[in-house]
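Structure file model_25.txt (compact mmCIF, C-alpha atoms and all ligand atoms) is printed below.
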# COMPACT_ATOMS: atom_id res chain seq x y z
CA MET A 29 -57.55 -170.17 140.53
CA ILE A 30 -56.94 -173.75 139.41
CA VAL A 31 -55.85 -176.21 142.09
CA VAL A 32 -52.92 -178.37 141.00
CA GLY A 33 -51.73 -180.90 143.60
CA ALA A 34 -53.28 -178.65 146.30
CA LEU A 35 -51.36 -175.65 144.93
CA ALA A 36 -53.33 -172.72 143.60
CA MET A 37 -52.30 -171.77 140.08
CA PRO A 38 -53.47 -168.36 138.87
CA LEU A 39 -56.06 -168.39 136.11
CA PRO A 40 -55.19 -166.83 132.76
CA ASP A 41 -55.87 -163.10 132.43
CA THR A 42 -59.62 -162.62 132.04
CA LEU A 43 -58.99 -160.00 129.35
CA GLY A 44 -57.63 -162.82 127.17
CA TYR A 45 -54.91 -162.50 124.57
CA ALA A 46 -54.50 -159.19 122.77
CA ALA A 47 -53.74 -160.97 119.47
CA PRO A 48 -54.44 -164.40 117.96
CA VAL A 49 -52.28 -167.13 119.51
CA TRP A 50 -50.50 -167.91 116.24
CA VAL A 51 -49.35 -164.27 115.95
CA LEU A 52 -47.96 -164.29 119.50
CA GLN A 53 -46.30 -167.67 118.96
CA GLY A 54 -44.83 -166.63 115.60
CA LEU A 55 -43.31 -163.46 117.06
CA SER A 56 -42.03 -165.38 120.06
CA TYR A 57 -40.39 -168.05 117.84
CA PHE A 58 -38.74 -165.45 115.63
CA THR A 59 -37.35 -163.29 118.43
CA LEU A 60 -36.31 -166.23 120.65
CA SER A 61 -34.39 -167.78 117.73
CA LEU A 62 -32.51 -164.49 117.29
CA HIS A 63 -31.82 -164.36 121.06
CA LEU A 64 -30.49 -167.92 121.11
CA LEU A 65 -28.34 -167.23 118.04
CA ALA A 66 -26.74 -164.18 119.71
CA MET A 67 -26.33 -166.14 122.95
CA ASN A 68 -24.65 -169.05 121.13
CA PHE A 69 -22.33 -166.67 119.29
CA THR A 70 -21.29 -164.95 122.53
CA ILE A 71 -20.62 -168.18 124.41
CA GLY A 72 -18.85 -169.76 121.41
CA ALA A 73 -16.72 -166.61 121.00
CA CYS A 74 -15.72 -166.73 124.70
CA LEU A 75 -14.76 -170.41 124.52
CA LEU A 76 -12.76 -170.00 121.31
CA LEU A 77 -11.05 -166.88 122.68
CA ILE A 78 -9.85 -168.81 125.73
CA TRP A 79 -8.89 -171.82 123.61
CA THR A 80 -6.84 -169.75 121.13
CA HIS A 81 -5.16 -167.96 124.06
CA PHE A 82 -3.77 -171.22 125.42
CA ARG A 83 -3.22 -172.98 122.09
CA ASN A 84 -1.49 -169.93 120.58
CA ARG A 85 -0.85 -171.28 117.07
CA ALA A 86 -0.33 -169.22 113.88
CA GLY A 87 -3.34 -166.96 113.29
CA HIS A 88 -4.70 -167.47 116.81
CA ALA A 89 -3.71 -163.99 118.03
CA GLY A 90 -5.89 -162.41 115.32
CA VAL A 91 -8.82 -164.71 116.14
CA LYS A 92 -8.49 -163.87 119.83
CA HIS A 93 -8.46 -160.16 119.05
CA PHE A 94 -11.47 -160.48 116.75
CA PHE A 95 -13.56 -162.26 119.38
CA GLY A 96 -12.39 -159.88 122.12
CA SER A 97 -13.64 -156.96 120.02
CA SER A 98 -16.96 -158.66 119.23
CA LEU A 99 -17.98 -159.73 122.75
CA PRO A 100 -19.60 -156.45 123.92
CA LEU A 101 -21.62 -156.34 120.69
CA GLY A 102 -22.65 -160.00 121.05
CA MET A 103 -23.72 -159.39 124.65
CA SER A 104 -25.79 -156.33 123.72
CA TYR A 105 -27.65 -158.48 121.17
CA VAL A 106 -28.23 -161.26 123.71
CA ILE A 107 -29.90 -158.78 126.06
CA THR A 108 -31.83 -156.73 123.49
CA LEU A 109 -33.09 -159.80 121.65
CA GLY A 110 -33.95 -161.51 124.95
CA VAL A 111 -36.52 -158.82 125.85
CA PRO A 112 -39.18 -159.57 123.15
CA PRO A 113 -39.40 -163.32 123.94
CA LEU A 114 -39.57 -162.35 127.63
CA LEU A 115 -42.70 -160.34 126.82
CA PHE A 116 -44.23 -163.18 124.81
CA VAL A 117 -43.54 -165.91 127.36
CA GLN A 118 -45.26 -163.71 129.97
CA VAL A 119 -48.23 -163.09 127.70
CA LEU A 120 -48.66 -166.70 126.57
CA TYR A 121 -47.64 -168.63 129.69
CA GLY A 122 -47.60 -165.86 132.34
CA GLN A 123 -49.16 -167.80 135.21
CA LEU A 124 -46.67 -170.67 134.69
CA PHE A 125 -43.59 -168.52 134.11
CA TYR A 126 -44.26 -166.08 136.99
CA SER A 127 -44.90 -168.94 139.42
CA SER A 128 -41.69 -170.80 138.55
CA SER A 129 -39.72 -167.52 138.64
CA VAL A 130 -41.00 -166.88 142.19
CA LEU A 131 -40.18 -170.45 143.28
CA ILE A 132 -36.53 -170.08 142.25
CA GLY A 133 -36.68 -166.34 143.02
CA ALA A 134 -33.40 -165.88 144.89
CA LEU A 135 -31.42 -167.47 142.06
CA TRP A 136 -33.59 -165.96 139.33
CA ILE A 137 -32.85 -162.42 140.53
CA LEU A 138 -29.10 -163.19 140.35
CA VAL A 139 -29.44 -163.29 136.56
CA ILE A 140 -29.45 -159.48 136.49
CA PRO A 141 -26.11 -158.87 138.32
CA ALA A 142 -24.55 -161.83 136.47
CA VAL A 143 -25.47 -160.35 133.08
CA LEU A 144 -24.28 -156.87 134.12
CA ILE A 145 -20.93 -158.12 135.48
CA ALA A 146 -20.32 -160.22 132.35
CA TYR A 147 -21.17 -157.27 130.10
CA ALA A 148 -18.79 -154.99 132.06
CA ALA A 149 -16.06 -157.66 131.93
CA PHE A 150 -16.33 -157.83 128.13
CA TYR A 151 -15.89 -154.05 127.90
CA TYR A 152 -12.98 -154.18 130.35
CA HIS A 153 -11.32 -156.85 128.22
CA LYS A 154 -11.85 -154.94 124.99
CA LEU A 155 -10.59 -151.62 126.36
CA GLN A 156 -7.75 -152.86 128.61
CA ARG A 157 -6.33 -155.91 126.82
CA GLU A 158 -3.44 -153.93 125.27
CA ALA A 159 -2.64 -151.85 128.37
CA ARG A 160 -3.03 -154.70 130.89
CA PRO A 161 -2.55 -157.94 128.95
CA ARG A 162 -1.96 -160.17 132.02
CA TYR A 163 -4.87 -162.37 133.08
CA GLN A 164 -7.19 -161.05 130.39
CA TRP A 165 -8.11 -164.65 129.65
CA ALA A 166 -9.24 -164.96 133.29
CA VAL A 167 -11.52 -161.92 132.90
CA VAL A 168 -13.17 -163.59 129.90
CA ALA A 169 -13.32 -166.93 131.73
CA VAL A 170 -15.16 -165.35 134.69
CA ALA A 171 -17.65 -163.68 132.31
CA THR A 172 -18.13 -167.00 130.45
CA THR A 173 -18.83 -168.80 133.72
CA LEU A 174 -21.42 -166.17 134.64
CA LEU A 175 -23.13 -166.54 131.24
CA LEU A 176 -23.15 -170.32 131.58
CA CYS A 177 -24.78 -169.92 135.02
CA VAL A 178 -27.42 -167.56 133.55
CA GLY A 179 -28.26 -170.12 130.85
CA TYR A 180 -28.48 -172.87 133.47
CA ILE A 181 -30.88 -170.78 135.57
CA TYR A 182 -33.04 -170.15 132.47
CA VAL A 183 -33.26 -173.87 131.69
CA ASN A 184 -34.21 -174.61 135.32
CA ASN A 185 -36.85 -171.90 135.35
CA LEU A 186 -38.43 -172.90 132.04
CA THR A 187 -38.54 -176.61 132.84
CA LEU A 188 -40.05 -175.80 136.26
CA SER A 189 -42.68 -173.59 134.59
CA MET A 190 -43.78 -176.73 132.68
CA SER A 191 -44.16 -178.81 135.88
CA PRO A 192 -46.84 -177.24 138.14
CA ASP A 193 -47.29 -180.60 139.90
CA LYS A 194 -43.90 -180.04 141.61
CA TRP A 195 -44.46 -176.45 142.74
CA LEU A 196 -46.04 -177.10 146.13
CA ARG A 197 -43.37 -179.62 147.14
CA ILE A 198 -40.60 -177.21 146.14
CA TYR A 199 -42.26 -174.27 147.89
CA GLU A 200 -42.75 -176.23 151.12
CA ALA A 201 -39.12 -177.38 151.15
CA HIS A 202 -37.61 -174.01 150.10
CA PRO A 203 -39.97 -171.09 150.76
CA GLY A 204 -37.00 -168.70 150.39
CA GLY A 205 -36.67 -169.49 146.71
CA GLY A 206 -33.03 -170.56 146.98
CA ILE A 207 -33.35 -173.74 144.93
CA LEU A 208 -33.32 -174.70 141.27
CA HIS A 209 -35.28 -177.45 139.52
CA HIS A 210 -33.18 -180.21 141.10
CA GLY A 211 -33.83 -183.81 140.13
CA GLU A 212 -35.44 -182.92 136.79
CA PRO A 213 -33.84 -185.41 134.37
CA THR A 214 -34.19 -183.20 131.26
CA VAL A 215 -32.26 -180.20 132.65
CA PRO A 216 -28.65 -181.18 131.75
CA SER A 217 -29.54 -182.53 128.30
CA ARG A 218 -31.76 -179.54 127.47
CA TYR A 219 -29.00 -177.19 128.62
CA LEU A 220 -26.50 -178.90 126.34
CA LEU A 221 -29.01 -178.83 123.47
CA PHE A 222 -29.50 -175.05 123.64
CA LEU A 223 -25.76 -174.40 123.94
CA SER A 224 -24.77 -176.90 121.25
CA GLY A 225 -24.94 -174.21 118.54
CA ALA A 226 -22.19 -172.12 120.21
CA PHE A 227 -19.33 -173.45 118.07
CA ALA A 228 -21.33 -173.19 114.84
CA ALA A 229 -22.32 -169.56 115.53
CA ALA A 230 -18.75 -168.52 116.46
CA GLY A 231 -17.28 -170.73 113.69
CA VAL A 232 -19.40 -169.09 110.99
CA ALA A 233 -18.24 -165.68 112.28
CA LEU A 234 -14.65 -166.83 111.56
CA LEU A 235 -15.73 -167.84 108.04
CA TRP A 236 -17.09 -164.31 107.49
CA ARG A 237 -13.89 -162.84 108.92
CA GLY A 238 -11.80 -165.02 106.59
CA ALA A 239 -13.81 -163.93 103.53
CA PHE A 240 -13.13 -160.26 104.38
CA LEU A 241 -9.44 -160.93 105.06
CA PHE A 242 -9.17 -162.55 101.60
CA ARG A 243 -10.71 -159.45 100.08
CA TRP A 244 -8.11 -157.24 101.81
CA GLY A 245 -5.26 -159.45 100.60
CA TYR A 246 -4.35 -161.19 103.89
CA ASP A 247 -4.60 -164.68 102.42
CA THR A 248 -2.64 -166.55 105.10
CA GLU A 249 -4.68 -165.10 107.99
CA ALA A 250 -7.88 -165.62 105.99
CA ASN A 251 -7.10 -169.31 105.49
CA GLN A 252 -6.21 -169.76 109.17
CA SER A 253 -9.42 -168.07 110.26
CA GLN A 254 -11.64 -170.13 107.97
CA LYS A 255 -9.96 -173.45 108.76
CA LEU A 256 -10.34 -172.89 112.49
CA GLY A 257 -13.90 -171.65 111.94
CA PHE A 258 -14.91 -174.77 110.03
CA ARG A 259 -13.29 -177.15 112.51
CA ALA A 260 -15.04 -175.37 115.39
CA PHE A 261 -18.30 -175.43 113.43
CA LEU A 262 -18.22 -179.21 113.16
CA LEU A 263 -18.30 -179.57 116.96
CA SER A 264 -21.86 -178.23 117.03
CA PRO A 265 -23.64 -180.96 115.03
CA MET A 266 -21.78 -183.58 117.11
CA LEU A 267 -22.86 -181.95 120.39
CA TRP A 268 -26.39 -181.51 119.02
CA ILE A 269 -26.72 -185.24 118.19
CA ILE A 270 -25.50 -186.19 121.69
CA ALA A 271 -27.82 -183.64 123.35
CA ALA A 272 -30.88 -184.48 121.22
CA SER A 273 -30.56 -188.23 121.87
CA TRP A 274 -30.06 -187.52 125.57
CA VAL A 275 -33.10 -185.19 125.69
CA TYR A 276 -35.20 -187.84 123.94
CA SER A 277 -34.16 -190.63 126.28
CA SER A 278 -34.80 -188.51 129.40
CA ARG A 279 -38.36 -187.53 128.40
CA PRO A 280 -41.41 -189.27 129.89
CA GLU A 281 -43.14 -191.85 127.63
CA ASP A 282 -46.15 -189.65 126.74
CA ILE A 283 -43.84 -186.89 125.52
CA LYS A 284 -41.72 -189.41 123.58
CA ALA A 285 -44.92 -190.40 121.75
CA MET A 286 -45.02 -186.87 120.28
CA PHE A 287 -41.95 -187.64 118.21
CA VAL A 288 -43.92 -189.91 115.88
CA PHE A 289 -46.53 -187.28 114.92
CA ASP A 290 -46.39 -186.18 111.30
CA SER A 291 -45.93 -182.47 112.05
CA THR A 292 -43.18 -183.19 114.57
CA MET A 293 -41.34 -185.36 112.06
CA VAL A 294 -41.65 -182.61 109.41
CA LEU A 295 -40.17 -180.11 111.86
CA LEU A 296 -37.33 -182.49 112.68
CA ALA A 297 -36.68 -183.11 108.97
CA VAL A 298 -36.61 -179.36 108.17
CA GLY A 299 -34.23 -178.83 111.10
CA VAL A 300 -31.87 -181.58 109.90
CA VAL A 301 -31.93 -180.25 106.32
CA SER A 302 -31.16 -176.71 107.60
CA ALA A 303 -28.24 -178.09 109.61
CA LEU A 304 -26.91 -179.97 106.57
CA VAL A 305 -27.20 -176.81 104.45
CA ALA A 306 -25.30 -174.90 107.14
CA ILE A 307 -22.51 -177.51 107.24
CA ALA A 308 -22.26 -177.81 103.44
CA PHE A 309 -21.96 -174.03 102.93
CA ALA A 310 -19.54 -173.73 105.83
CA TYR A 311 -17.35 -176.31 104.09
CA LEU A 312 -17.67 -174.48 100.75
CA SER A 313 -16.71 -171.17 102.41
CA VAL A 314 -13.21 -172.38 103.34
CA GLY A 315 -10.49 -170.82 101.19
CA LYS A 316 -12.85 -168.37 99.45
CA ARG A 317 -13.53 -164.64 99.51
CA ASN A 318 -17.12 -165.33 98.52
CA LEU A 319 -19.66 -163.85 101.00
CA LEU A 320 -22.64 -165.84 99.72
CA PHE A 321 -21.50 -169.15 101.23
CA PRO A 322 -21.05 -167.81 104.80
CA LEU A 323 -24.43 -166.09 104.38
CA LEU A 324 -26.15 -169.33 103.34
CA SER A 325 -24.43 -171.18 106.16
CA SER A 326 -25.64 -168.53 108.66
CA LEU A 327 -29.19 -168.83 107.28
CA GLY A 328 -28.95 -172.62 107.68
CA ILE A 329 -27.99 -172.19 111.34
CA PHE A 330 -30.89 -169.78 111.83
CA GLY A 331 -33.31 -172.26 110.16
CA GLY A 332 -32.11 -175.04 112.48
CA MET A 333 -32.54 -172.72 115.47
CA VAL A 334 -36.11 -171.81 114.49
CA CYS A 335 -37.02 -175.52 114.20
CA THR A 336 -35.54 -176.21 117.66
CA VAL A 337 -37.49 -173.28 119.13
CA VAL A 338 -40.81 -174.36 117.55
CA PHE A 339 -40.23 -177.96 118.62
CA ARG A 340 -39.40 -176.76 122.14
CA ASP A 341 -42.74 -174.94 122.32
CA GLN A 342 -44.67 -177.98 121.07
CA VAL A 343 -43.05 -180.04 123.82
CA ARG A 344 -44.03 -177.35 126.37
CA LEU A 345 -47.66 -177.43 125.15
CA GLU A 346 -47.70 -181.20 125.58
CA TYR A 347 -46.29 -180.96 129.12
CA ILE A 348 -48.79 -178.32 130.26
CA LYS A 349 -51.84 -179.94 128.62
CA PRO A 350 -53.37 -181.03 131.98
CA TYR A 351 -53.12 -177.47 133.39
CA LEU A 352 -53.45 -174.99 130.57
CA ASP A 353 -54.80 -175.01 127.04
CA ILE A 354 -53.79 -171.76 125.38
CA ALA A 355 -56.18 -172.43 122.48
CA SER A 356 -59.11 -172.10 124.91
CA ILE A 357 -58.11 -168.63 126.15
CA PRO A 358 -60.33 -165.93 124.61
CA VAL A 359 -58.77 -163.52 122.11
CA ASN A 360 -59.74 -159.86 122.40
CA ALA A 361 -57.62 -158.63 119.56
CA GLN A 362 -56.29 -155.10 119.95
CA TRP A 363 -55.09 -154.52 116.42
CA GLY A 364 -53.99 -150.93 117.07
CA MET A 365 -51.71 -152.01 119.93
CA LEU A 366 -50.37 -154.89 117.86
CA ALA A 367 -49.61 -152.55 114.95
CA LEU A 368 -47.77 -150.21 117.35
CA PHE A 369 -45.81 -153.13 118.76
CA LEU A 370 -44.90 -154.39 115.28
CA MET A 371 -43.74 -150.91 114.27
CA ALA A 372 -41.59 -150.66 117.41
CA LEU A 373 -40.16 -154.13 116.73
CA VAL A 374 -39.29 -153.29 113.12
CA VAL A 375 -37.64 -150.01 114.22
CA ALA A 376 -35.71 -151.81 116.98
CA LEU A 377 -34.51 -154.56 114.59
CA ALA A 378 -33.54 -151.89 112.02
CA LEU A 379 -31.55 -150.07 114.72
CA LEU A 380 -29.77 -153.32 115.60
CA VAL A 381 -28.84 -153.76 111.94
CA VAL A 382 -27.59 -150.13 111.81
CA LEU A 383 -25.57 -150.76 114.98
CA MET A 384 -24.01 -153.80 113.37
CA VAL A 385 -23.25 -151.95 110.14
CA LYS A 386 -21.65 -149.10 112.13
CA VAL A 387 -19.65 -151.23 114.57
CA LEU A 388 -18.48 -154.12 112.37
CA PRO A 389 -16.35 -151.96 110.01
CA LYS A 390 -14.66 -150.48 113.13
CA ILE A 391 -13.89 -153.98 114.42
CA ALA A 392 -12.65 -154.89 110.93
CA GLU A 393 -10.58 -151.70 110.72
CA GLY A 394 -8.95 -152.52 114.07
CA ALA A 395 -8.18 -156.01 112.81
CA ARG A 396 -6.65 -154.60 109.65
CA GLU A 397 -4.44 -152.13 111.54
CA ARG A 398 -3.33 -154.94 113.85
CA LEU A 399 -2.39 -157.18 110.93
CA GLU A 400 -0.47 -154.37 109.24
CA LYS A 401 1.47 -153.73 112.48
CA THR A 402 2.22 -157.46 112.91
CA ILE A 403 3.46 -157.75 109.31
CA ALA A 404 5.56 -154.55 109.64
CA ALA A 405 7.07 -155.85 112.92
CA GLY A 406 7.94 -159.12 111.15
CA ARG A 407 9.87 -157.22 108.42
CA THR A 408 12.01 -155.17 110.85
C1 LIG B 1 -26.66 -163.69 129.09
C2 LIG B 1 -26.79 -164.92 129.07
C3 LIG B 1 -27.99 -165.71 128.66
C4 LIG B 1 -27.96 -167.00 128.34
C5 LIG B 1 -26.75 -167.91 128.37
C6 LIG B 1 -29.31 -167.40 127.98
C7 LIG B 1 -29.66 -168.68 127.61
C8 LIG B 1 -30.94 -169.09 127.37
C9 LIG B 1 -31.32 -170.46 127.18
C10 LIG B 1 -30.38 -171.66 127.23
C11 LIG B 1 -32.65 -170.49 127.01
C12 LIG B 1 -33.52 -171.73 126.76
C13 LIG B 1 -34.05 -172.23 128.09
C14 LIG B 1 -34.96 -173.42 127.97
O1 LIG B 1 -35.87 -173.44 127.14
O2 LIG B 1 -34.81 -174.37 128.76
C15 LIG B 1 -33.11 -169.13 127.07
C16 LIG B 1 -34.41 -168.77 126.94
C17 LIG B 1 -34.83 -167.50 127.13
N1 LIG B 1 -34.04 -166.38 127.34
FE1 LIG B 1 -32.06 -166.29 127.51
N2 LIG B 1 -30.12 -166.33 128.06
C18 LIG B 1 -29.36 -165.27 128.48
C19 LIG B 1 -29.79 -163.99 128.74
C20 LIG B 1 -31.08 -163.59 128.59
C21 LIG B 1 -31.56 -162.27 128.87
C22 LIG B 1 -30.69 -161.11 129.38
C23 LIG B 1 -32.90 -162.27 128.59
C24 LIG B 1 -33.90 -161.17 128.71
C25 LIG B 1 -33.64 -159.92 128.63
C26 LIG B 1 -33.26 -163.60 128.15
C27 LIG B 1 -34.51 -164.02 127.78
C28 LIG B 1 -34.87 -165.32 127.51
C29 LIG B 1 -36.25 -165.77 127.40
C30 LIG B 1 -37.47 -164.90 127.55
C31 LIG B 1 -36.23 -167.14 127.18
C32 LIG B 1 -37.39 -168.13 127.04
C33 LIG B 1 -38.53 -167.71 126.17
C34 LIG B 1 -39.61 -168.74 126.07
O3 LIG B 1 -39.68 -169.72 126.82
O4 LIG B 1 -40.46 -168.59 125.20
N3 LIG B 1 -32.13 -164.37 128.16
N4 LIG B 1 -32.05 -168.29 127.29
Mind converting the file's structure to structure tokens?
Amino acid sequence: MIVVGALAMPLPDTLGYAAPVWVLQGLSYFTLSLHLLAMNFTIGACLLLIWTHFRNRAGHAGVKHFFGSSLPLGMSYVITLGVPPLLFVQVLYGQLFYSSSVLIGALWILVIPAVLIAYAAFYYHKLQREARPRYQWAVVAVATTLLLCVGYIYVNNLTLSMSPDKWLRIYEAHPGGGILHHGEPTVPSRYLLFLSGAFAAAGVALLWRGAFLFRWGYDTEANQSQKLGFRAFLLSPMLWIIAASWVYSSRPEDIKAMFVFDSTMVLLAVGVVSALVAIAFAYLSVGKRNLLFPLLSSLGIFGGMVCTVVFRDQVRLEYIKPYLDIASIPVNAQWGMLALFLMALVVALALLVVLMVKVLPKIAEGARERLEKTIAAGRT
């Protein structure tokens, strides 16, 4: 045990890490970036669905239908891609993450029912929206609120895991675990930072949709989808700039000093370039059937996400320096286990791709049938 502010913090596992730290970090960065991408898409899709419901301009019904069909898929990716980083955060920072999870335990456990209710609500919306159209927007709004609460609980838990000096005080005041990381100045800005990609992720999905609609000959709907997608996309860089400046200004001075290190600046520069690539190709996608531009824009978003995730971990390492140095933990590499894990990961990712390839044409087919019906109804 290490004593931090008179609070016992468990020592790292004496068996050490089962793989070199850089391997564990690399896998954690990759899978967490995918998780955050799926999470941003799902939240962005919910917000745009509700917005198009109330705005109800030309082309909005199709957009609403498209997002309504995609939400269960998006949610399944959020959950599936959340599991691998959950394993890695426990391996790398277990004694910090477990302790903070116990301290906010009552609220932490609520994540499970919240995720399940939101997932069920998305299925209810998809399957019942035609039969029971009234208040479907409210079903999606409740699910969105639950997801936003889950994200907020995650941010509270992860910032608390980086602050062992506060644990004893929090435990003494709330031994029942019914409290979050109140008073931590970085929580709201960090929350906004991780959700700022929501409009870009959902916006790029509309660019893809538009490209396919062009290919099927629905030029008007394609244009409407891409224009809305691009306008929504632009909200993300604006929110990101606000959130990043806010995060920076709310950090303690020693953490702010990190921002002038060479490697940190390189990471920031790569992130900004990725974001600019994403915006440029999103702009170029508008009005075109070309699939390459939405693909490059999506890759740009992913690049920006990876930089944010790596940066986030560097900040965490700086925060926990007085309590834990992961570089000093012994490595007892178990290459056989690692190979098995990597094989399972590759198979799981391949299955997710197969799922997408199987489900997306069905969503597209539904959209096509809907458009044909709408056009036929307009003629009669
Ligand atoms: C459904 C709604 C969800 C939302 C909105 C959400 C949002 C977030 C956010 C905002 C973060 C960053 C927190 C921070 O660094 O301050 C995060 C991290 C994380 N999420 Fe999710 N999440 C969701 C569901 C899940 C689920 C179901 C899992 C697991 C199965 C999961 C696993 C993780 C893990 C492990 C991390 C942190 C990993 C690390 O620190 O290395 N999330 N999530």
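Across A:Val334, A:Ala166, A:Cys177, A:Leu188, the tightest approach to Pro141 in chain A is made by A:Cys177 when counting only C-alpha atoms.
Neighbours of range 378-388 of chain A closer than or equal to 9 Å, with all atoms listed in the file counted and sequence neighbours fewer than 5 positions away skipped, come out as A:Ser98, A:Leu101, A:Tyr105, A:Thr108, A:Leu373, A:Glu393.
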All residues 10 Å or closer to Gln123 in chain A, only C-alpha atoms, same chain fewer than 5 positions away omitted, as a PDB file with C-alpha atoms, keeping the file's coordinate frame:
ATOM      1  CA  MET A  37     -52.300-171.770 140.080  1.00  0.00           C
ATOM      2  CA  PRO A  38     -53.470-168.360 138.870  1.00  0.00           C
ATOM      3  CA  LEU A  39     -56.060-168.390 136.110  1.00  0.00           C
ATOM      4  CA  PRO A  40     -55.190-166.830 132.760  1.00  0.00           C
ATOM      5  CA  ASP A  41     -55.870-163.100 132.430  1.00  0.00           C
ATOM      6  CA  VAL A 117     -43.540-165.910 127.360  1.00  0.00           C
ATOM      7  CA  GLN A 118     -45.260-163.710 129.970  1.00  0.00           C
ATOM      8  CA  SER A 128     -41.690-170.800 138.550  1.00  0.00           C
ATOM      9  CA  SER A 189     -42.680-173.590 134.590  1.00  0.00           C
ATOM     10  CA  LEU A 352     -53.450-174.990 130.570  1.00  0.00           C
TER      11      LEU A 352
END
What does the list of residues within 8 Å of ligand LIG 1 (chain B) look like if you count all atoms listed in the file, written as an MDAnalysis selection string?
chainID A and resid 56:57 60 63:64 67:68 71 103 106:117 139:140 142:143 146 174:180 182:187 215 218:219 222:223 340:341
Distance CA of Phe309 in chain A-CA of Phe287 in chain A, one decimal place?
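Straight-line distance from CA of Phe309 in chain A to CA of Phe287 in chain A works out to 28.6 Å.
Neighbouring residues of range 156-164 of chain A at 10 Å or closer, counting only C-alpha atoms and skipping chain neighbours under 3 positions away, are Ile78, His81, His93, Gly96, Ala149, Phe150, Tyr151, Tyr152, His153, Val167, Val168 and Ala169 of chain A.
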Range 250-252 of chain A environment, 7 Å, all atoms listed in the file, sequence neighbours closer than 3 positions dropped, as a PyMOL selection string
chain A and resi 87+238-239+241-242+246-247+255-256+315
Do you have the CA of Ala89 in chain A-CA of Leu77 in chain A distance handy?
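Distance between the two atoms: 9.2 Å.
Taking CA of Val232 in chain A and CA of Trp244 in chain A as the two end points, the separation is 18.8 Å.
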Considering all atoms listed in the file, state which residue in the set A:Ala73, A:Leu370, A:Ile181, A:Ile283 is at the smallest distance from Gly257 in chain A.
A:Ala73
Report, as lines of an AutoDock Vina configuration file, the axis-aligned box around all atoms of range 252-256 of chain A present in the file, extended by 5 Å on each side; give centre and edge lengths in Å to one decimal place.
center_x = -8.9
center_y = -170.8
center_z = 110.2
size_x = 15.4
size_y = 15.4
size_z = 14.5
Protein, DNA and RNA residues within 9 Å of (-39.2, -182.9, 130.0), all atoms listed in the file, as a PyMOL selection string:
chain A and resi 187+190-191+212-215+218+275-276+278-280+283+343-344+347
Go through A:Leu221, A:Phe258, A:Gly299, A:Ser291 and flag the residue nearest Ser273 in chain A, using all atoms listed in the file for the distances.
A:Leu221
Final N, CA and C atoms of range 269-280 of chain A as a PDB file, in the frame of the given file:
ATOM      1  N   ILE A 269     -26.237-183.838 118.276  1.00  0.00           N
ATOM      2  CA  ILE A 269     -26.720-185.240 118.190  1.00  0.00           C
ATOM      3  C   ILE A 269     -26.691-185.876 119.587  1.00  0.00           C
ATOM      4  N   ILE A 270     -25.589-185.630 120.322  1.00  0.00           N
ATOM      5  CA  ILE A 270     -25.500-186.190 121.690  1.00  0.00           C
ATOM      6  C   ILE A 270     -26.646-185.628 122.545  1.00  0.00           C
ATOM      7  N   ALA A 271     -26.811-184.279 122.482  1.00  0.00           N
ATOM      8  CA  ALA A 271     -27.820-183.640 123.350  1.00  0.00           C
ATOM      9  C   ALA A 271     -29.227-184.075 122.968  1.00  0.00           C
ATOM     10  N   ALA A 272     -29.511-184.137 121.646  1.00  0.00           N
ATOM     11  CA  ALA A 272     -30.880-184.480 121.220  1.00  0.00           C
ATOM     12  C   ALA A 272     -31.228-185.911 121.626  1.00  0.00           C
ATOM     13  N   SER A 273     -30.265-186.848 121.474  1.00  0.00           N
ATOM     14  CA  SER A 273     -30.560-188.230 121.870  1.00  0.00           C
ATOM     15  C   SER A 273     -30.764-188.317 123.386  1.00  0.00           C
ATOM     16  N   TRP A 274     -29.968-187.529 124.106  1.00  0.00           N
ATOM     17  CA  TRP A 274     -30.060-187.520 125.570  1.00  0.00           C
ATOM     18  C   TRP A 274     -31.407-186.930 126.022  1.00  0.00           C
ATOM     19  N   VAL A 275     -31.804-185.806 125.363  1.00  0.00           N
ATOM     20  CA  VAL A 275     -33.100-185.190 125.690  1.00  0.00           C
ATOM     21  C   VAL A 275     -34.202-186.213 125.445  1.00  0.00           C
ATOM     22  N   TYR A 276     -34.141-186.877 124.293  1.00  0.00           N
ATOM     23  CA  TYR A 276     -35.200-187.840 123.940  1.00  0.00           C
ATOM     24  C   TYR A 276     -35.285-188.951 124.988  1.00  0.00           C
ATOM     25  N   SER A 277     -34.110-189.493 125.360  1.00  0.00           N
ATOM     26  CA  SER A 277     -34.160-190.630 126.280  1.00  0.00           C
ATOM     27  C   SER A 277     -34.585-190.214 127.684  1.00  0.00           C
ATOM     28  N   SER A 278     -34.420-188.907 128.034  1.00  0.00           N
ATOM     29  CA  SER A 278     -34.800-188.510 129.400  1.00  0.00           C
ATOM     30  C   SER A 278     -36.249-188.014 129.494  1.00  0.00           C
ATOM     31  N   ARG A 279     -36.963-187.993 128.356  1.00  0.00           N
ATOM     32  CA  ARG A 279     -38.360-187.530 128.400  1.00  0.00           C
ATOM     33  C   ARG A 279     -39.296-188.639 128.883  1.00  0.00           C
ATOM     34  N   PRO A 280     -40.426-188.248 129.526  1.00  0.00           N
ATOM     35  CA  PRO A 280     -41.410-189.270 129.890  1.00  0.00           C
ATOM     36  C   PRO A 280     -42.039-189.895 128.636  1.00  0.00           C
TER      37      PRO A 280
END
